[in-house]
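Participant: Submitted below is the structure of interest, expressed as C-alpha cells.
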Amino acid sequence: MFAAKMPPRRLSPEEYLAQEEQATERHEYLNLLIHQNQPLVEYHHKTSGGWLLTEIAGMDATLCVQELAFEMPFRELYADVDWLSAYV
C-alpha cells in the first residue's frame with residue numbers, strides 16, 4: 001500500500017527555526033564560510049550556549065575542523081587563486 005503524497009507547504013520562519021532547533025539537539029552542526037577575496041575562513045559551531053564564531057586568517061593558517069577530522073593548510077585551500085600573489 002502506498003502512502004498519499006502530501007503537497008509541499010511553506011514553513012513560517014517560526015516553524016523553520018523550531019525545526020532547526022530540534023535538529024541541532026540531535027546532531028552536531030557547523031557552518032564554514034570560505035572567503036573568495038582574502039585568506040579567511042569563518043567557522044560557526046553550535047554549542048550548548050549558542051553559536052560560536054571562530055575566524056581563521058592568513059596564508060600561514062590551517063583550517064582544522066575537529067568534528068570532521070579535517071585539516072587543510074590555507075596555501076592548499078587557496079591554491080591557484082589569482083589574488084594569491086598579493087599575500088605571499
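If you're wondering about the labels, chains in the C-alpha cells are A, B, ... by order shown, residues count from 1 in each chain, ligands from 1 in order shown.
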As JSON, numbers by chain, please: every residue in region 16-88 of chain A that a backbone DSSP assignment puts in helix (DSSP H, G or I).
Facilitator: {"A": [16, 17, 18, 19, 20, 21, 22, 23, 24, 25, 26, 66, 67, 68, 74, 75, 76, 77, 82, 83, 84, 85, 86]}
Participant: Once you have the residues from the selection above, write them out as a PDB file, in the first residue's frame, restricted to C-alpha atoms.
Facilitator:
```pdb
ATOM      1  CA  TYR A  16      11.580  26.640  10.389  1.00  0.00           C
ATOM      2  CA  LEU A  17      13.541  27.856  13.425  1.00  0.00           C
ATOM      3  CA  ALA A  18      11.709  25.398  15.684  1.00  0.00           C
ATOM      4  CA  GLN A  19      12.632  22.520  13.335  1.00  0.00           C
ATOM      5  CA  GLU A  20      16.255  23.706  13.185  1.00  0.00           C
ATOM      6  CA  GLU A  21      16.436  23.868  16.979  1.00  0.00           C
ATOM      7  CA  GLN A  22      15.080  20.311  17.261  1.00  0.00           C
ATOM      8  CA  ALA A  23      17.576  19.094  14.652  1.00  0.00           C
ATOM      9  CA  THR A  24      20.529  20.726  16.390  1.00  0.00           C
ATOM     10  CA  GLU A  25      19.583  18.979  19.616  1.00  0.00           C
ATOM     11  CA  ARG A  26      20.087  15.638  17.862  1.00  0.00           C
ATOM     12  CA  GLN A  66      37.849  18.558  14.686  1.00  0.00           C
ATOM     13  CA  GLU A  67      34.267  17.325  14.254  1.00  0.00           C
ATOM     14  CA  LEU A  68      35.142  16.100  10.760  1.00  0.00           C
ATOM     15  CA  PHE A  74      45.329  27.719   3.526  1.00  0.00           C
ATOM     16  CA  ARG A  75      48.106  27.508   0.905  1.00  0.00           C
ATOM     17  CA  GLU A  76      46.397  24.349  -0.368  1.00  0.00           C
ATOM     18  CA  LEU A  77      42.862  25.688   0.120  1.00  0.00           C
ATOM     19  CA  ASP A  82      44.548  34.847  -8.875  1.00  0.00           C
ATOM     20  CA  TRP A  83      44.917  37.289  -5.968  1.00  0.00           C
ATOM     21  CA  LEU A  84      47.163  34.897  -4.005  1.00  0.00           C
ATOM     22  CA  SER A  85      50.410  36.614  -5.096  1.00  0.00           C
ATOM     23  CA  ALA A  86      49.442  39.681  -3.029  1.00  0.00           C
TER      24      ALA A  86
END
```
Participant: Tell me, as a ChimeraX atom specification, which residues lie within 12 Å of Leu52 (chain A), counting only C-alpha atoms; anything in the same chain fewer than 6 positions away does not count.
Facilitator: /A:29-32,42-46
Participant: Kindly save the residues from that selection, with N, CA and C atoms included, as a short mmCIF file (atom, residue, chain, number, x, y, z; two decimals), in the first residue's frame.
Facilitator:
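result31.cif written:
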```
data_model
loop_
_atom_site.label_atom_id
_atom_site.label_comp_id
_atom_site.auth_asym_id
_atom_site.auth_seq_id
_atom_site.Cartn_x
_atom_site.Cartn_y
_atom_site.Cartn_z
N TYR A 29 26.18 20.44 14.43
CA TYR A 29 26.09 21.33 13.28
C TYR A 29 27.23 22.33 13.27
N LEU A 30 27.69 22.65 12.07
CA LEU A 30 28.68 23.69 11.90
C LEU A 30 28.50 24.30 10.52
N ASN A 31 28.95 25.53 10.40
CA ASN A 31 28.90 26.24 9.13
C ASN A 31 30.29 26.77 8.83
N LEU A 32 30.72 26.64 7.60
CA LEU A 32 32.00 27.19 7.16
C LEU A 32 31.74 28.19 6.04
N GLU A 42 35.46 31.69 8.11
CA GLU A 42 34.63 31.84 9.30
C GLU A 42 34.01 30.48 9.60
N TYR A 43 34.15 30.06 10.83
CA TYR A 43 33.73 28.73 11.26
C TYR A 43 32.72 28.91 12.39
N HIS A 44 31.46 28.57 12.14
CA HIS A 44 30.40 28.68 13.14
C HIS A 44 30.08 27.28 13.65
N HIS A 45 30.13 27.11 14.96
CA HIS A 45 29.92 25.81 15.57
C HIS A 45 28.82 25.93 16.63
N LYS A 46 27.87 25.02 16.61
CA LYS A 46 26.77 25.03 17.58
C LYS A 46 27.27 24.45 18.91
#
```
Participant: When distances are computed from only C-alpha atoms, which of A:Val41, A:Leu33, A:Val81, A:Leu11 shows the smallest separation from Glu55 (chain A)?
Facilitator: A:Val41
Participant: Just give me the gap between CA of Pro39 (chain A) and CA of Ile56 (chain A) in Å, one decimal is fine.
Facilitator: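 Going from CA of Pro39 (chain A) over to CA of Ile56 (chain A) covers 8.3 Å.
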Participant: What gap, in Å, lies between CA of Ala69 (chain A) and CA of Ser48 (chain A)?
Facilitator: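 That distance, rounded to one decimal, is 20.8 Å.
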Participant: May I ask which of the residues A:Gly49, A:Leu40, A:Ile34, A:Ala79 is the closest one to Ala61 (chain A), counting only C-alpha atoms?
Facilitator: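 Using only C-alpha atoms, the shortest distance to Ala61 (chain A) belongs to A:Leu40.
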